[in-house]
Amino acid sequence: MIRKDIQFDKKGRLRHFLTTEGISRPLITDILDYAENFASVVNKPVKKAPLLRGKTIANLFFEASTRTRTTFELAAKRLSADVININIQTSATKKGESLLDMLRNLEAMHTDMFIVRHMTSGAAHFIAEHVAPHISVINAGDGSHAHPTQAMLDMFTIRRHKPDFTALRVAIVGDIMHSRVARSQIHALNILGVPDVRVIGPHTLIPPHVENMGVHVFHQVEQGLRDADVIIMLRLQRERMQGALLPSEAEYFANYGLTPDKLALAKPDAIVMHPGPINRGVEIDSTVADGPQSVILEQVTNGLAVRMAIMAMVLGRTSDEEVAS
Ligand code: CP
């Protein structure tokens, strides 16, 4: 059972950032507004802000990552924090040290925050439940459960192009079954009042009862994309698939891959998103991925500002306490 209440301290302030499920619309808006300030900082010649000077942040990535790990590291450095990148492959966990013992040792080095990516759903929550009271945990993706900072940078990107969430039709296409990104996006989109969130994919890649999350299900991509304002393409997450869920990548691309023809079914000003990594010719055609409606690399850039905002908000809480004491 994954607890949602542990994200907040006794004063109701954000202590950990583990999931978008159940958070409030004002909190999402506060994060997006705060991130706007950092988006302008990253465009300045001197990109540093001193907000987290003296804080130590440890990146714990038990699973591969390019965008998330790098933007968290860069974001922490831009906030003047000290960053430790733990190489799990060469860490003492390979000698049998348990995860909790590793954390105790990092705590003994006066770490203030753990950024955690793990292949097991619930891992970040487990760690958050076991860390010392002054430590914060940010979930950088756990199994197929949640990837809340990705969802927040996606909301930030959408808002910059389509400011009124209450007028949007958002289509999420592909491997919804194994996608922590889709789950976190669906929660955030619902909280922000998006009236039509669609999930599109073959029966084998749509989780049972997903309608209960407040989405409309389509198996025909041509129907699902019609008049969409935002299209979010997802990768086939083979590392989380058990057994053969698809006949072939070629057939998948023919049915669900986003090509110019399929994109033309959406609104003319629709934006195309993808959390990355993209697999060209599997879920998206290069003409679309690199085309004028694609905001895929903008998402990466925005990840920096959004992660700065979340880290500053979470650790700013402890700084406030230090100043007050
Ligand atoms: N979107 C995303 O999580 O990418 P990485 O796996 O490269 O971090």
# chains A, B, ... in the order shown; residues from 1 in each chain; ligands from 1
call {"tool": "residues_near_ligand", "arguments": {"ligand": "ligand 1", "cutoff": "8 Å", "atoms": "only C-alpha atoms and all ligand atoms", "output": "CSV table (one decimal) with C-alpha atoms, in the first residue's frame"}}
result
chain,number,residue,atom,x,y,z
A,64,ALA,CA,19.0,4.0,-16.6
A,65,SER,CA,18.3,7.7,-17.3
A,66,THR,CA,19.6,10.5,-19.4
A,67,ARG,CA,17.1,13.4,-19.1
A,68,THR,CA,15.9,13.0,-15.5
A,69,ARG,CA,19.3,12.3,-13.9
A,70,THR,CA,21.1,15.1,-15.8
A,140,ALA,CA,12.5,10.3,-10.2
A,141,GLY,CA,10.4,7.4,-11.5
A,147,HIS,CA,7.1,10.0,-12.5
A,150,GLN,CA,8.1,14.5,-15.5
A,181,VAL,CA,4.6,9.0,-16.9
A,274,HIS,CA,7.1,12.8,-25.7
A,275,PRO,CA,8.8,12.2,-22.4
A,276,GLY,CA,11.8,10.6,-24.1
A,277,PRO,CA,13.7,8.5,-24.9
call {"tool": "select_by_dssp", "arguments": {"residues": "range 148-274 of chain A", "states": "strand (DSSP E)", "output": "ChimeraX atom specification"}}
result
/A:169-173,196-200,216-218,230-233,271-273
call {"tool": "select_by_dssp", "arguments": {"residues": "range 114-248 of chain A", "states": "helix (DSSP H, G or I)", "output": "PyMOL selection string"}}
result
chain A and resi 123-130+148-161+165-167+180-191+203-205+210-213+221-224+238-240
call {"tool": "residues_around", "arguments": {"residues": "range 160-167 of chain A", "least_positions_apart": "4", "cutoff": "7 Å", "atoms": "only C-alpha atoms", "output": "ChimeraX atom specification"}}
result
/A:156,192-195
call {"tool": "residues_around", "arguments": {"residues": "range 47-55 of chain A", "least_positions_apart": "6", "cutoff": "9 Å", "atoms": "only C-alpha atoms", "output": "list in words"}}
result
Phe38, Val41, Ala76, Lys77, Arg78, Leu79, Ser80, Ala81, Asp82, Val83, His110, Thr111, Asp112, Met113, Met311, Ala312, Leu315, Gly316 and Ser319 of chain A
call {"tool": "write_last_selection", "arguments": {"atoms": "N, CA and C atoms", "output": "compact mmCIF listing (two decimals), in the first residue's frame"}}
result
# COMPACT_ATOMS: atom_id res chain seq x y z
N PHE A 38 12.50 30.33 -12.55
CA PHE A 38 13.75 29.64 -12.87
C PHE A 38 13.96 29.52 -14.37
N VAL A 41 15.89 32.41 -15.17
CA VAL A 41 17.27 32.34 -14.65
C VAL A 41 18.15 31.53 -15.61
N ALA A 76 20.21 21.08 -9.41
CA ALA A 76 20.78 21.22 -8.07
C ALA A 76 21.99 22.14 -8.10
N LYS A 77 22.82 21.99 -9.13
CA LYS A 77 24.02 22.85 -9.25
C LYS A 77 23.62 24.30 -9.50
N ARG A 78 22.59 24.51 -10.30
CA ARG A 78 22.12 25.87 -10.57
C ARG A 78 21.60 26.53 -9.29
N LEU A 79 21.14 25.69 -8.34
CA LEU A 79 20.66 26.22 -7.06
C LEU A 79 21.79 26.26 -6.02
N SER A 80 23.01 25.98 -6.45
CA SER A 80 24.22 26.06 -5.62
C SER A 80 24.33 24.95 -4.58
N ALA A 81 23.60 23.86 -4.76
CA ALA A 81 23.73 22.71 -3.85
C ALA A 81 24.96 21.89 -4.24
N ASP A 82 25.45 21.07 -3.29
CA ASP A 82 26.47 20.08 -3.62
C ASP A 82 25.75 18.80 -4.05
N VAL A 83 26.25 18.18 -5.12
CA VAL A 83 25.57 17.01 -5.69
C VAL A 83 26.48 15.79 -5.64
N HIS A 110 25.55 13.74 6.02
CA HIS A 110 24.73 14.97 6.07
C HIS A 110 24.07 15.31 4.74
N THR A 111 23.57 14.28 4.09
CA THR A 111 22.79 14.52 2.87
C THR A 111 21.43 15.09 3.25
N ASP A 112 20.92 15.99 2.44
CA ASP A 112 19.62 16.61 2.72
C ASP A 112 18.50 16.07 1.85
N MET A 113 18.85 15.53 0.69
CA MET A 113 17.80 15.09 -0.24
C MET A 113 18.29 13.90 -1.06
N MET A 311 12.80 21.27 -6.08
CA MET A 311 13.85 21.11 -5.08
C MET A 311 13.91 22.32 -4.14
N ALA A 312 13.79 23.52 -4.72
CA ALA A 312 13.86 24.73 -3.89
C ALA A 312 12.67 24.79 -2.93
N LEU A 315 13.29 21.88 -0.17
CA LEU A 315 14.40 22.15 0.75
C LEU A 315 14.30 23.55 1.33
N GLY A 316 13.60 24.44 0.66
CA GLY A 316 13.36 25.78 1.21
C GLY A 316 12.61 25.70 2.52
N SER A 319 15.11 25.20 5.14
CA SER A 319 15.87 26.44 5.32
C SER A 319 15.07 27.44 6.15
call {"tool": "residues_around", "arguments": {"residues": "Leu265 in chain A", "least_positions_apart": "2", "cutoff": "10 Å", "atoms": "only C-alpha atoms", "output": "compact mmCIF listing (two decimals) with C-alpha atoms, in the first residue's frame"}}
result
# COMPACT_ATOMS: atom_id res chain seq x y z
CA VAL A 221 -5.77 6.03 -33.11
CA GLU A 222 -7.62 7.88 -35.88
CA GLN A 223 -10.65 8.32 -33.59
CA GLY A 224 -8.65 9.17 -30.51
CA LEU A 225 -6.51 11.87 -32.13
CA ARG A 226 -9.41 13.72 -33.72
CA ASP A 227 -9.37 17.41 -32.68
CA ALA A 228 -6.75 16.87 -29.99
CA PRO A 260 2.10 13.43 -40.52
CA ASP A 261 -1.16 11.86 -41.77
CA LYS A 262 -2.30 10.91 -38.30
CA LEU A 263 -1.14 14.24 -36.84
CA LYS A 267 -6.20 20.45 -34.32
CA PRO A 268 -3.92 22.39 -36.68
CA ALA A 270 -1.81 20.79 -31.70
